[in-house]
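Coordinates as given in target00.cif (mmCIF, C-alpha atoms and all ligand atoms):
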data_query
loop_
_atom_site.group_PDB
_atom_site.id
_atom_site.type_symbol
_atom_site.label_atom_id
_atom_site.label_comp_id
_atom_site.auth_asym_id
_atom_site.auth_seq_id
_atom_site.Cartn_x
_atom_site.Cartn_y
_atom_site.Cartn_z
ATOM 1 C CA MET A 122 22.686 -1.935 -12.347
ATOM 2 C CA PRO A 123 19.973 -0.711 -14.719
ATOM 3 C CA ARG A 124 16.438 -0.700 -13.416
ATOM 4 C CA LEU A 125 14.621 -3.533 -15.056
ATOM 5 C CA ALA A 126 11.130 -4.833 -14.731
ATOM 6 C CA ARG A 127 10.264 -8.351 -15.613
ATOM 7 C CA LEU A 128 7.208 -8.235 -17.827
ATOM 8 C CA HIS A 129 5.322 -10.837 -19.659
ATOM 9 C CA HIS A 130 5.513 -10.138 -23.328
ATOM 10 C CA ARG A 131 2.037 -9.423 -24.582
ATOM 11 C CA ARG A 132 2.400 -11.856 -27.436
ATOM 12 C CA GLN A 133 3.077 -14.727 -25.033
ATOM 13 C CA CYS A 134 6.781 -15.005 -25.881
ATOM 14 C CA ALA A 135 9.319 -15.781 -23.210
ATOM 15 C CA ASP A 136 9.738 -13.220 -20.409
ATOM 16 C CA VAL A 137 11.538 -10.118 -21.552
ATOM 17 C CA LEU A 138 13.368 -7.518 -19.494
ATOM 18 C CA VAL A 139 12.340 -3.955 -20.249
ATOM 19 C CA PRO A 140 12.982 -0.791 -18.273
ATOM 20 C CA PHE A 141 10.050 0.506 -16.270
ATOM 21 C CA GLU A 142 9.868 4.165 -15.324
ATOM 22 C CA PRO A 143 6.575 5.489 -14.017
ATOM 23 C CA THR A 144 5.056 8.474 -15.788
ATOM 24 C CA SER A 145 2.316 10.817 -14.607
ATOM 25 C CA ALA A 146 -0.083 9.327 -17.137
ATOM 26 C CA ILE A 147 0.592 5.770 -15.954
ATOM 27 C CA VAL A 148 0.031 6.718 -12.292
ATOM 28 C CA ARG A 149 -3.161 8.627 -13.091
ATOM 29 C CA GLY A 150 -4.408 5.736 -15.208
ATOM 30 C CA LEU A 151 -3.568 3.227 -12.486
ATOM 31 C CA TYR A 152 -5.606 5.078 -9.854
ATOM 32 C CA ASP A 153 -8.538 5.414 -12.274
ATOM 33 C CA HIS A 154 -8.319 1.710 -13.059
ATOM 34 C CA LEU A 155 -8.216 0.656 -9.389
ATOM 35 C CA GLN A 156 -11.136 2.907 -8.506
ATOM 36 C CA ARG A 157 -13.209 1.244 -11.196
ATOM 37 C CA ARG A 158 -12.000 -2.262 -10.295
ATOM 38 C CA TYR A 159 -12.513 -1.990 -6.515
ATOM 39 C CA GLY A 160 -15.162 0.710 -6.263
ATOM 40 C CA SER A 161 -12.687 2.815 -4.297
ATOM 41 C CA ARG A 162 -12.729 6.580 -4.081
ATOM 42 C CA LEU A 163 -9.869 9.032 -3.716
ATOM 43 C CA VAL A 164 -10.576 12.066 -1.553
ATOM 44 C CA ASP A 165 -8.594 15.216 -0.885
ATOM 45 C CA ARG A 166 -7.999 15.025 2.875
ATOM 46 C CA SER A 167 -7.855 18.746 3.496
ATOM 47 C CA GLU A 168 -11.442 19.100 2.232
ATOM 48 C CA SER A 169 -12.767 16.268 4.323
ATOM 49 C CA LYS A 170 -14.567 16.667 7.647
ATOM 50 C CA PRO A 171 -14.630 12.902 8.353
ATOM 51 C CA PHE A 172 -10.865 12.804 7.960
ATOM 52 C CA GLN A 173 -10.422 15.535 10.584
ATOM 53 C CA VAL A 174 -12.653 13.536 12.934
ATOM 54 C CA LEU A 175 -10.599 10.421 12.244
ATOM 55 C CA ALA A 176 -7.387 12.330 13.006
ATOM 56 C CA ASP A 177 -8.877 13.221 16.409
ATOM 57 C CA LEU A 178 -9.811 9.590 17.022
ATOM 58 C CA VAL A 179 -6.423 8.280 15.951
ATOM 59 C CA SER A 180 -4.702 10.723 18.250
ATOM 60 C CA LEU A 181 -7.098 9.892 21.122
ATOM 61 C CA LEU A 182 -6.415 6.152 20.782
ATOM 62 C CA GLY A 183 -2.670 6.826 20.805
ATOM 63 C CA ILE A 184 -2.227 5.393 17.301
ATOM 64 C CA ALA A 185 -0.450 8.448 15.891
ATOM 65 C CA ASP A 186 0.292 12.097 16.517
ATOM 66 C CA ARG A 187 -2.586 14.224 15.148
ATOM 67 C CA GLU A 188 -0.549 16.809 13.231
ATOM 68 C CA SER A 189 1.798 14.400 11.437
ATOM 69 C CA TYR A 190 -1.181 12.169 10.726
ATOM 70 C CA LEU A 191 -3.018 15.054 9.057
ATOM 71 C CA ARG A 192 0.022 16.199 7.099
ATOM 72 C CA ARG A 193 1.634 13.015 5.841
ATOM 73 C CA THR A 194 -0.392 9.875 6.246
ATOM 74 C CA VAL A 195 -2.362 8.035 3.603
ATOM 75 C CA THR A 196 -5.424 6.424 5.135
ATOM 76 C CA THR A 197 -8.097 4.169 3.769
ATOM 77 C CA ILE A 198 -11.450 4.035 5.505
ATOM 78 C CA GLY A 199 -13.727 1.489 3.980
ATOM 79 C CA HIS A 200 -13.431 2.115 0.244
ATOM 80 C CA THR A 201 -12.312 5.730 0.596
ATOM 81 C CA ILE A 202 -8.624 6.615 0.317
ATOM 82 C CA TYR A 203 -7.470 9.877 1.858
ATOM 83 C CA ALA A 204 -4.154 10.789 0.236
ATOM 84 C CA PRO A 205 -1.919 13.830 0.711
ATOM 85 C CA PHE A 206 -1.093 13.938 -3.019
ATOM 86 C CA THR A 207 -2.779 14.054 -6.414
ATOM 87 C CA PRO A 208 -2.033 10.897 -8.418
ATOM 88 C CA GLY A 209 0.489 11.628 -11.166
ATOM 89 C CA GLU A 210 1.767 14.808 -9.497
ATOM 90 C CA ALA A 211 5.019 14.018 -7.708
ATOM 91 C CA SER A 212 5.336 15.848 -4.385
ATOM 92 C CA PRO A 213 7.952 14.747 -1.819
ATOM 93 C CA PRO A 214 7.951 12.289 -0.183
ATOM 94 C CA TYR A 215 5.390 10.923 -2.682
ATOM 95 C CA ASP A 216 7.289 10.505 -5.946
ATOM 96 C CA LEU A 217 5.563 8.639 -8.783
ATOM 97 C CA TRP A 218 6.880 5.210 -7.780
ATOM 98 C CA THR A 219 5.835 5.751 -4.160
ATOM 99 C CA GLN A 220 2.338 6.672 -5.379
ATOM 100 C CA ILE A 221 2.188 3.293 -7.151
ATOM 101 C CA VAL A 222 3.331 1.480 -3.997
ATOM 102 C CA VAL A 223 0.715 3.410 -1.988
ATOM 103 C CA ALA A 224 -1.997 2.462 -4.500
ATOM 104 C CA ALA A 225 -1.210 -1.222 -3.999
ATOM 105 C CA HIS A 226 -0.927 -0.935 -0.204
ATOM 106 C CA GLU A 227 -4.220 0.908 0.278
ATOM 107 C CA HIS A 228 -6.108 -1.393 -2.070
ATOM 108 C CA GLU A 229 -4.775 -4.380 -0.108
ATOM 109 C CA HIS A 230 -6.612 -2.824 2.865
ATOM 110 C CA ILE A 231 -9.760 -2.668 0.732
ATOM 111 C CA VAL A 232 -9.377 -6.375 -0.077
ATOM 112 C CA GLN A 233 -8.816 -7.053 3.650
ATOM 113 C CA ALA A 234 -12.068 -5.221 4.429
ATOM 114 C CA GLU A 235 -13.916 -7.337 1.869
ATOM 115 C CA GLU A 236 -12.439 -10.494 3.424
ATOM 116 C CA SER A 237 -13.247 -9.318 6.961
ATOM 117 C CA GLY A 238 -16.979 -9.087 6.422
ATOM 118 C CA GLY A 239 -17.244 -5.511 5.206
ATOM 119 C CA ASP A 240 -15.935 -2.048 5.846
ATOM 120 C CA LEU A 241 -17.377 -1.554 9.322
ATOM 121 C CA ALA A 242 -16.165 -4.895 10.688
ATOM 122 C CA PHE A 243 -12.710 -4.168 9.297
ATOM 123 C CA ILE A 244 -12.534 -0.624 10.669
ATOM 124 C CA LEU A 245 -13.550 -1.791 14.138
ATOM 125 C CA ARG A 246 -10.993 -4.596 14.208
ATOM 126 C CA TYR A 247 -8.321 -2.296 12.833
ATOM 127 C CA LEU A 248 -8.928 0.467 15.348
ATOM 128 C CA VAL A 249 -9.669 -1.590 18.446
ATOM 129 C CA SER A 250 -7.192 -4.456 18.169
ATOM 130 C CA PRO A 251 -3.487 -3.566 17.974
ATOM 131 C CA SER A 252 -2.562 -7.178 17.172
ATOM 132 C CA ASP A 253 -5.000 -7.285 14.230
ATOM 133 C CA ARG A 254 -3.768 -3.882 13.101
ATOM 134 C CA ALA A 255 -0.157 -5.128 13.143
ATOM 135 C CA VAL A 256 -0.961 -8.083 10.899
ATOM 136 C CA PHE A 257 -3.215 -6.066 8.548
ATOM 137 C CA GLU A 258 -0.394 -3.569 8.070
ATOM 138 C CA ALA A 259 2.330 -6.198 7.642
ATOM 139 C CA ARG A 260 0.253 -7.918 4.971
ATOM 140 C CA ALA A 261 -0.430 -4.634 3.158
ATOM 141 C CA PHE A 262 3.315 -3.921 3.196
ATOM 142 C CA PHE A 263 3.960 -7.171 1.312
ATOM 143 C CA SER A 264 3.066 -5.051 -1.729
ATOM 144 C CA THR A 265 6.300 -3.052 -1.281
ATOM 145 C CA PHE A 266 8.360 -6.254 -1.574
ATOM 146 C CA GLU A 267 6.286 -7.597 -4.447
ATOM 147 C CA LEU A 268 6.406 -4.414 -6.524
ATOM 148 C CA GLU A 269 10.160 -4.056 -6.028
ATOM 149 C CA TYR A 270 10.713 -7.640 -7.100
ATOM 150 C CA TRP A 271 8.664 -7.000 -10.218
ATOM 151 C CA ARG A 272 10.468 -3.749 -11.070
ATOM 152 C CA TYR A 273 14.049 -4.567 -10.148
ATOM 153 C CA GLY A 274 14.188 -8.354 -10.079
ATOM 154 C CA GLU A 275 15.108 -8.085 -6.383
ATOM 155 C CA VAL A 276 13.589 -6.772 -3.161
ATOM 156 C CA ARG A 277 15.389 -3.623 -2.034
ATOM 157 C CA THR A 278 13.510 -2.645 1.112
ATOM 158 C CA SER A 279 14.450 -4.691 4.173
ATOM 159 C CA VAL A 280 12.169 -6.311 6.711
ATOM 160 C CA ASP A 281 13.853 -4.133 9.347
ATOM 161 C CA THR A 282 12.982 -0.925 7.488
ATOM 162 C CA ILE A 283 9.307 -1.835 7.254
ATOM 163 C CA THR A 284 9.245 -3.111 10.821
ATOM 164 C CA LYS A 285 10.560 0.285 11.905
ATOM 165 C CA ILE A 286 7.797 2.076 9.966
ATOM 166 C CA ILE A 287 5.147 -0.203 11.461
ATOM 167 C CA SER A 288 6.553 0.117 14.955
ATOM 168 C CA GLY A 289 6.664 3.922 14.755
ATOM 169 C CA SER A 290 3.364 4.670 13.052
ATOM 170 C CA TYR A 291 0.530 2.524 14.338
ATOM 171 C CA GLY A 292 0.503 2.678 18.146
ATOM 172 C CA LEU A 293 1.595 -0.954 18.595
ATOM 173 C CA GLY A 294 3.082 -2.781 21.578
ATOM 174 C CA ALA A 295 6.324 -4.782 21.419
ATOM 175 C CA ASN A 296 4.548 -8.117 20.893
ATOM 176 C CA ASP A 297 2.434 -6.691 18.069
ATOM 177 C CA VAL A 298 5.571 -5.413 16.353
ATOM 178 C CA LEU A 299 7.155 -8.862 16.700
ATOM 179 C CA ALA A 300 4.088 -10.439 15.096
ATOM 180 C CA ALA A 301 4.251 -7.918 12.247
ATOM 181 C CA ARG A 302 7.949 -8.670 11.758
ATOM 182 C CA ALA A 303 7.308 -12.416 11.629
ATOM 183 C CA ALA A 304 4.635 -11.871 8.974
ATOM 184 C CA LEU A 305 7.000 -9.638 6.967
ATOM 185 C CA VAL A 306 9.686 -12.349 6.937
ATOM 186 C CA VAL A 307 7.157 -14.702 5.337
ATOM 187 C CA GLY A 308 6.006 -11.958 2.942
ATOM 188 C CA LEU A 309 9.578 -11.372 1.795
ATOM 189 C CA ASP A 310 10.039 -15.063 1.000
ATOM 190 C CA VAL A 311 6.768 -15.128 -0.910
ATOM 191 C CA ALA A 312 7.722 -12.006 -2.905
ATOM 192 C CA ARG A 313 11.087 -13.499 -3.837
ATOM 193 C CA VAL A 314 9.416 -16.417 -5.549
ATOM 194 C CA GLY A 315 7.089 -14.058 -7.416
ATOM 195 C CA GLY A 316 4.056 -14.387 -5.113
ATOM 196 C CA LEU A 317 1.539 -11.561 -5.382
ATOM 197 C CA SER A 318 -1.097 -10.190 -3.019
ATOM 198 C CA PRO A 319 -4.473 -9.670 -4.745
ATOM 199 C CA ALA A 320 -4.465 -5.892 -5.247
ATOM 200 C CA THR A 321 -0.759 -5.867 -6.087
ATOM 201 C CA ARG A 322 -1.424 -8.442 -8.786
ATOM 202 C CA GLU A 323 -4.026 -6.040 -10.232
ATOM 203 C CA VAL A 324 -1.530 -3.135 -10.066
ATOM 204 C CA ILE A 325 1.166 -5.110 -11.894
ATOM 205 C CA LYS A 326 -1.308 -6.299 -14.494
ATOM 206 C CA TYR A 327 -2.152 -2.667 -15.213
ATOM 207 C CA LEU A 328 1.464 -1.480 -15.245
ATOM 208 C CA ALA A 329 2.565 -4.308 -17.526
ATOM 209 C CA GLY A 330 -0.177 -3.389 -20.001
ATOM 210 C CA ALA A 331 0.556 0.344 -19.774
ATOM 211 C CA VAL A 332 4.267 0.169 -20.592
HETATM 212 ZN ZN ZN B 1 -1.637 0.396 5.778
#

If you convert what's in this file into structure tokens, what do you get?
Amino acid sequence: MPRLARLHHRRQCADVLVPFEPTSAIVRGLYDHLQRRYGSRLVDRSESKPFQVLADLVSLLGIADRESYLRRTVTTIGHTIYAPFTPGEASPPYDLWTQIVVAAHEHEHIVQAEESGGDLAFILRYLVSPSDRAVFEARAFFSTFELEYWRYGEVRTSVDTITKIISGSYGLGANDVLAARAALVVGLDVARVGGLSPATREVIKYLAGAV
């Protein structure tokens, strides 16, 4: 089946189906746009002292293994995103589409921080409370469903796949994982009727205009 993205025609005609393939320029432009829109900042992790300190903390709290955290993980602290790739430069496992999905996911965390009373309140809740962390992550992963629905007209990643990622990456107990899974089931339903989380809506708006 060809890869199709459902886009609103810019001249307000009926919906049209056009292929969407990310390009380096689109991904670079998307990150620039989101940084302006949300006041976020992208930082090279290897250059960052605070990120090394965070890796120690994350490992100390049993949230993740320090080395894999440093090597592979994308993390957002407040409005700063620490990413192991340069936007628009595909480097496995971060191909261009994955970089778009990551952009939406991390900016959902920024929206969560704004809704939680600011960066510090969010960071504390996220780090200290596994049950809050489970739900914050599940909600940020809604963006994976929503972007796939937009691009392909169907959701291709299963709830089980994301539950496995959440269960293996965030130092959660069994009950927290169950809560995350329950939230993901709802998120999948919402995505399948075209529902959009706030930052994901912004991402799709940009992509639709850039094609
Ligand atoms: Zn996340």

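One finds atom CA of A:Leu151 at 23.9 Å from atom CA of A:Arg313.
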
Rows by chain and residue number, chain A within 8 Å of ligand ZN 1 (chain B), shortest pair, only C-alpha atoms and all ligand atoms, as a tab-separated table:
residue	atom	partner	partner_atom	distance
A:Val195	CA	B:ZN1	ZN	8.0
A:Thr196	CA	B:ZN1	ZN	7.1
A:Thr197	CA	B:ZN1	ZN	7.7
A:His226	CA	B:ZN1	ZN	6.2
A:Glu227	CA	B:ZN1	ZN	6.1
A:His230	CA	B:ZN1	ZN	6.6
A:Phe257	CA	B:ZN1	ZN	7.2
A:Glu258	CA	B:ZN1	ZN	4.7
A:Ala259	CA	B:ZN1	ZN	7.9
A:Ala261	CA	B:ZN1	ZN	5.8
A:Phe262	CA	B:ZN1	ZN	7.1

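Of note, atom CA of A:Ala224 and atom CA of A:Tyr152 are spaced 7.0 Å apart.
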
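For the pair atom CA of A:Leu309 and atom CA of A:Phe263, the interatomic distance is 7.0 Å.
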
Do you have, as CSV, the list of residues of stretch 134-189 of chain A lying at most 7 Å from stretch 271-291 of chain A, each with its nearest atom pair and that distance in Å to one decimal, counting all atoms listed in the file and ordered by chain then number?
residue,atom,partner,partner_atom,distance
A:Phe141,CA,A:Arg272,CA,6.7
A:Ile184,CA,A:Tyr291,CA,5.0
A:Ala185,CA,A:Ser290,CA,6.1

Store the residues of this selection in a file with C-alpha atoms, as a PDB file, in the frame of the given file.
ATOM      1  CA  PHE A 141      10.050   0.506 -16.270  1.00  0.00           C
ATOM      2  CA  ILE A 184      -2.227   5.393  17.301  1.00  0.00           C
ATOM      3  CA  ALA A 185      -0.450   8.448  15.891  1.00  0.00           C
TER       4      ALA A 185
END

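Among the candidate residues A:Arg166, A:Arg149, A:Lys326, A:His200, the one lying nearest to A:Glu229 is A:His200, with distances computed using only C-alpha atoms.
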
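Using all atoms listed in the file, the contacts of A:Pro208 at a cut-off of 10 Å, with sequence neighbours closer than 4 positions omitted, comprise Ser145, Ala146, Ile147, Val148, Arg149, Gly150, Leu151, Tyr152, Asp153, Leu163, Ala204, Ser212, Tyr215, Asp216, Leu217, Gln220, Ile221 and Ala224 of chain A.
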
For A:Arg302, which residue among A:Val256, A:Leu178, A:Leu241, A:Arg158 is the nearest when counting only C-alpha atoms? A:Val256

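Considering the residues A:Tyr270, A:Leu248, A:His228, A:Leu299 and counting only C-alpha atoms, A:Thr321 has its shortest atom-to-atom contact with A:His228.
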
Can you tell me, as a PDB file with C-alpha atoms, in the frame of the given file, what residues are no more than 12 Å from A:Phe172 when counting only C-alpha atoms, ignoring any on the same chain fewer than 3 positions away?
ATOM      1  CA  VAL A 164     -10.576  12.066  -1.553  1.00  0.00           C
ATOM      2  CA  ASP A 165      -8.594  15.216  -0.885  1.00  0.00           C
ATOM      3  CA  ARG A 166      -7.999  15.025   2.875  1.00  0.00           C
ATOM      4  CA  SER A 167      -7.855  18.746   3.496  1.00  0.00           C
ATOM      5  CA  GLU A 168     -11.442  19.100   2.232  1.00  0.00           C
ATOM      6  CA  SER A 169     -12.767  16.268   4.323  1.00  0.00           C
ATOM      7  CA  LEU A 175     -10.599  10.421  12.244  1.00  0.00           C
ATOM      8  CA  ALA A 176      -7.387  12.330  13.006  1.00  0.00           C
ATOM      9  CA  ASP A 177      -8.877  13.221  16.409  1.00  0.00           C
ATOM     10  CA  LEU A 178      -9.811   9.590  17.022  1.00  0.00           C
ATOM     11  CA  VAL A 179      -6.423   8.280  15.951  1.00  0.00           C
ATOM     12  CA  ARG A 187      -2.586  14.224  15.148  1.00  0.00           C
ATOM     13  CA  TYR A 190      -1.181  12.169  10.726  1.00  0.00           C
ATOM     14  CA  LEU A 191      -3.018  15.054   9.057  1.00  0.00           C
ATOM     15  CA  ARG A 192       0.022  16.199   7.099  1.00  0.00           C
ATOM     16  CA  THR A 194      -0.392   9.875   6.246  1.00  0.00           C
ATOM     17  CA  VAL A 195      -2.362   8.035   3.603  1.00  0.00           C
ATOM     18  CA  THR A 196      -5.424   6.424   5.135  1.00  0.00           C
ATOM     19  CA  THR A 197      -8.097   4.169   3.769  1.00  0.00           C
ATOM     20  CA  ILE A 198     -11.450   4.035   5.505  1.00  0.00           C
ATOM     21  CA  THR A 201     -12.312   5.730   0.596  1.00  0.00           C
ATOM     22  CA  ILE A 202      -8.624   6.615   0.317  1.00  0.00           C
ATOM     23  CA  TYR A 203      -7.470   9.877   1.858  1.00  0.00           C
ATOM     24  CA  ALA A 204      -4.154  10.789   0.236  1.00  0.00           C
ATOM     25  CA  PRO A 205      -1.919  13.830   0.711  1.00  0.00           C
TER      26      PRO A 205
END

Name the residues captured by the PyMOL selection byres (((chain A and resi 240) around 12) and not hetatm) when it is applied to the shown file; answer as a ChimeraX atom specification. /A:161,197-201,230-239,241-247

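Put simply, the PyMOL selection byres (((chain A and resi 251) around 8) and not hetatm) on this file hits Tyr247, Leu248, Val249, Ser250, Ser252, Asp253, Arg254, Ala255, Gly292, Leu293, Gly294 and Asp297 of chain A.
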
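Taking only C-alpha atoms into account, A:Leu305 lies nearest to A:Phe266 out of the set A:Trp218, A:Phe206, A:Phe266, A:Tyr327.
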
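With only C-alpha atoms as the basis for measurement, A:Leu268 is the residue among A:Asp186, A:Leu268, A:Ala312, A:Val298 that approaches A:Ala329 most closely.
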